[in-house]
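Student: Take this structure, written in structure tokens, and hold onto it; I'll ask about it next.
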Amino acid sequence: MPTITTRVEDAVQRRSFLAGAAGVAAGMSAAAPGRADARAEEDADPVAYAGTTARLRARYWTNEPAHLLPDAVRHVRTGTALLARRADARVAASVAESALLVSRIAFFDLQLGEQRVGAWQDLALAAADTAKDGALGAAVLGHMAFAPAWSGRAGEARGRLAAARARASRGEGGPVMRAWLDAVASEAEVRLGNPRAAFPYLDRAAGALHPADAGVGSWSAAGPPVWLDWFSGPRLDGFRGAAELAAGRPDHAKATLRRTLAGLDPDSDKQRAVTLADLAAAAVAARDPEDACALLHQVLDLVERQGYATAVDRVRTVRAALAPWSGERFVAELDDRLAASQAVPS
């Protein structure tokens, strides 16, 4: 899609991204300027700034998203202030990672709307280009494919993934980045109503993560970038299970999704919630509504501890599929919990 690629490259080449960053951050943070200035002094050294970036990255998996978002926004503002005073590739890479983190919270965790998410993604892409980090640029472009895929804009989603692959070929993400981009492509095809088209991408991703000529579980000699902490072999199984479910293979999906659960790290509650919801959908497809409701209760246990709007959407989708059993006690109990849950707004 030349028009999409041209638009992406134009955004990347903008030299005024630092000026725009202040406006973007101001629109999403109520922090007083004095606090941002104090943080800038605290993190004036690029090494210190990168350390704060790493701490925010780790917090994504355990903190309430609404609590983490203001801190991440302030950190981006601090970084753009540092770059305005002195160009530094390390700081630019940290700004790119942190702006991407803000966009992930806004899109996956809080669903604040595509327009607000897109502004942060544009900033992250421009900062990655300033850092000359092709892998980070590919990661941002991969994330930019989710919103159009979820809203049915096929050309836009596929065009952004094509641009991401071009960046990845020039970056240091290696096989893990390529595998993740294929996993995103598989989800895009599922969302666009072509689940069978997802499987070649999934097979290629599996081959990249676990090449036949390497040891079991091998990734690459250098390993993935440290910030690429949202993807792994078990998470690839999650993409495959969702595709199998969409393709009408609930039995295959159950086995794959259970493998996902078994392989997840202890702090992967967000992925665990989504996987349990997909297992509930597989139970509905197998006409086992009581098991589906039991699984949804487990999802609610997780999202009530740490809100995650993507999992909430899955709960709503499965509940709609339970309509034929609405008169059953176990469905009524689930409805009562949904009505009472503050983590699942109507």
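Numbering starts fresh at 1 for the residues of each chain in the structure tokens, the chains themselves are lettered A, B, ... in the order given, and ligands are numbered from 1 as they appear.
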Need to verify the contact set: Phe199 in chain A, 12 Å, only C-alpha atoms, exclusion of same-chain residues closer than 5 positions in sequence. Can you return it as a CSV table (one decimal) with C-alpha atoms, in the first residue's frame?
Tutor:
chain,number,residue,atom,x,y,z
A,182,ASP,CA,3.8,-12.7,11.9
A,183,ALA,CA,1.7,-13.3,15.1
A,184,VAL,CA,0.2,-9.8,14.8
A,185,ALA,CA,-0.5,-10.5,11.1
A,186,SER,CA,-2.3,-13.7,12.1
A,187,GLU,CA,-4.5,-11.8,14.6
A,188,ALA,CA,-5.2,-9.2,11.9
A,189,GLU,CA,-6.5,-11.8,9.5
A,190,VAL,CA,-8.7,-13.3,12.3
A,194,ASN,CA,-10.0,-14.6,7.3
A,204,ARG,CA,6.3,-19.2,10.0
A,205,ALA,CA,6.5,-17.5,13.4
A,206,ALA,CA,6.9,-20.9,15.1
A,236,LEU,CA,2.5,-17.4,20.2
A,237,ASP,CA,0.3,-20.4,21.2
A,239,PHE,CA,-2.4,-16.3,19.0
A,240,ARG,CA,-2.7,-19.8,17.5
A,241,GLY,CA,-5.5,-20.8,19.9
A,242,ALA,CA,-7.5,-17.7,19.0
A,243,ALA,CA,-7.1,-18.5,15.3
A,244,GLU,CA,-8.2,-22.1,15.8
A,245,LEU,CA,-11.2,-20.9,17.6
A,246,ALA,CA,-12.1,-18.4,14.9
A,247,ALA,CA,-11.6,-21.1,12.3
Student: Sort by chain and increasing residue number a table of all residues of range 156-260 of chain A within 9 Å of range 133-145 of chain A, each with its closest pair of atoms and their distance in Å to one decimal, counting only C-alpha atoms, and write it as a tab-separated table.
Tutor:
residue	atom	partner	partner_atom	distance
A:Glu156	CA	A:Ala145	CA	7.3
A:Ala157	CA	A:Ala145	CA	4.5
A:Arg158	CA	A:Ala145	CA	7.2
A:Gly159	CA	A:Ala145	CA	8.1
A:Arg160	CA	A:Ala145	CA	5.6
A:Leu161	CA	A:Gly142	CA	5.7
A:Ala162	CA	A:Leu141	CA	9.0
A:Ala163	CA	A:Leu141	CA	7.0
A:Ala164	CA	A:Ala138	CA	4.3
A:Arg165	CA	A:Ala138	CA	6.6
A:Ala166	CA	A:Ala138	CA	7.8
A:Arg167	CA	A:Ala138	CA	5.1
A:Ala168	CA	A:Ala138	CA	5.3
A:Ser169	CA	A:Gly134	CA	8.0
A:Arg170	CA	A:Gly134	CA	5.8
A:Gly171	CA	A:Gly134	CA	4.0
A:Glu172	CA	A:Ala135	CA	5.5
A:Gly173	CA	A:Ala135	CA	4.9
A:Gly174	CA	A:Ala135	CA	8.3
A:Met177	CA	A:Ala135	CA	7.4
A:Trp180	CA	A:Gly142	CA	8.5
A:Leu181	CA	A:Gly142	CA	6.2
A:Val184	CA	A:Gly142	CA	7.1
A:Ala185	CA	A:Ala145	CA	8.5
A:Ala188	CA	A:Ala145	CA	7.7
A:Pro225	CA	A:Ala135	CA	8.2
A:Trp227	CA	A:Leu136	CA	8.9
A:Leu228	CA	A:Ala139	CA	8.4
Student: So which bits of range 252-314 of chain A end up alpha helix (DSSP H) when you DSSP the backbone, as a ChimeraX atom specification?
Tutor: /A:252-263,269-285,289-305,309-314
Student: Which residues come within 7 Å of range 250-261 of chain A, counting only C-alpha atoms, excluding same-chain residues fewer than 2 positions away, as a list of chain:residue names?
Tutor: A:Pro234, A:Arg235, A:Asp237, A:Gly238, A:Gly241, A:Ala242, A:Glu244, A:Leu245, A:Gly248, A:Gly263, A:Leu264, A:Arg272, A:Thr275, A:Leu279, A:Ala282, A:Ala285, A:Ala286
Student: Given only C-alpha atoms as the basis, pick out the residue of A:Ala66, A:Leu83, A:Leu101, A:Ala311 nearest to Val117 in chain A.
Tutor: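 Counting only C-alpha atoms, the residue closest to Val117 in chain A is A:Leu101.
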Student: Using only C-alpha atoms, can you tell me which of A:Ala44, A:Ser268, A:Asp313, A:Thr52 comes closest to Arg85 in chain A?
Tutor: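 With only C-alpha atoms as the atom set, the closest residue is A:Ala44.
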Student: Which residues are near Phe330 in chain A? Cut-off 12 Å, only C-alpha atoms, ignore same chain within fewer than 6 positions. Put them as JSON, numbers by chain.
Tutor: {"A": [288, 289, 290, 291, 292, 293, 294, 295, 296, 297, 319, 322, 336, 337]}
Student: For a test of reading the model, state the distance in Å between CA of Thr53 in chain A and CA of Lys132 in chain A, rounded to one decimal.
Tutor: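 Pair CA of Thr53 in chain A / CA of Lys132 in chain A returns 18.1 Å.
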Student: Select, from A:Arg191, A:Lys270, A:Arg104, A:Arg249, the residue with the minimum atom-to-atom distance to Gln306 in chain A, counting only C-alpha atoms.
Tutor: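 For Gln306 in chain A, the nearest of the given residues is A:Lys270.
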Student: Using CA of Val47 in chain A and CA of Trp61 in chain A as the two end points, give the distance in Å to one decimal.
Tutor: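 Straight-line distance from CA of Val47 in chain A to CA of Trp61 in chain A works out to 22.8 Å.
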Student: Looking at A:Val303, A:Tyr60, A:Thr310, A:Ala149, which one is nearest to Leu112 in chain A, with distances taken over only C-alpha atoms?
Tutor: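 Checking each of A:Val303, A:Tyr60, A:Thr310, A:Ala149 against Leu112 in chain A, counting only C-alpha atoms, the winner is A:Thr310.
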Student: Would you pick out the contacts of Ser98 in chain A at 9 Å or less, using only C-alpha atoms, so that residues sharing its chain but fewer than 6 positions from it are not included, and give the list as a ChimeraX atom specification?
Tutor: /A:53,56-57,72-73,75-76,124
Student: For C-alpha atoms, I'd like the residues from the last selection saved as a CSV table (one decimal), in the first residue's frame.
Tutor:
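Below is the file that was written, selection05.csv:
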chain,number,residue,atom,x,y,z
A,53,THR,CA,12.4,3.3,31.5
A,56,LEU,CA,8.3,1.4,34.0
A,57,ARG,CA,8.5,-1.5,31.6
A,72,ALA,CA,4.8,6.9,32.0
A,73,VAL,CA,3.5,10.1,30.5
A,75,HIS,CA,8.7,10.1,31.8
A,76,VAL,CA,8.1,10.8,28.1
A,124,ALA,CA,7.3,6.7,19.4
Student: Restricting the calculation to only C-alpha atoms, which member of A:Leu192, A:Val312, A:Ala54, A:Leu68 is positioned closest to Ile105 in chain A?
Tutor: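 Closest to Ile105 in chain A, using only C-alpha atoms: A:Leu68.
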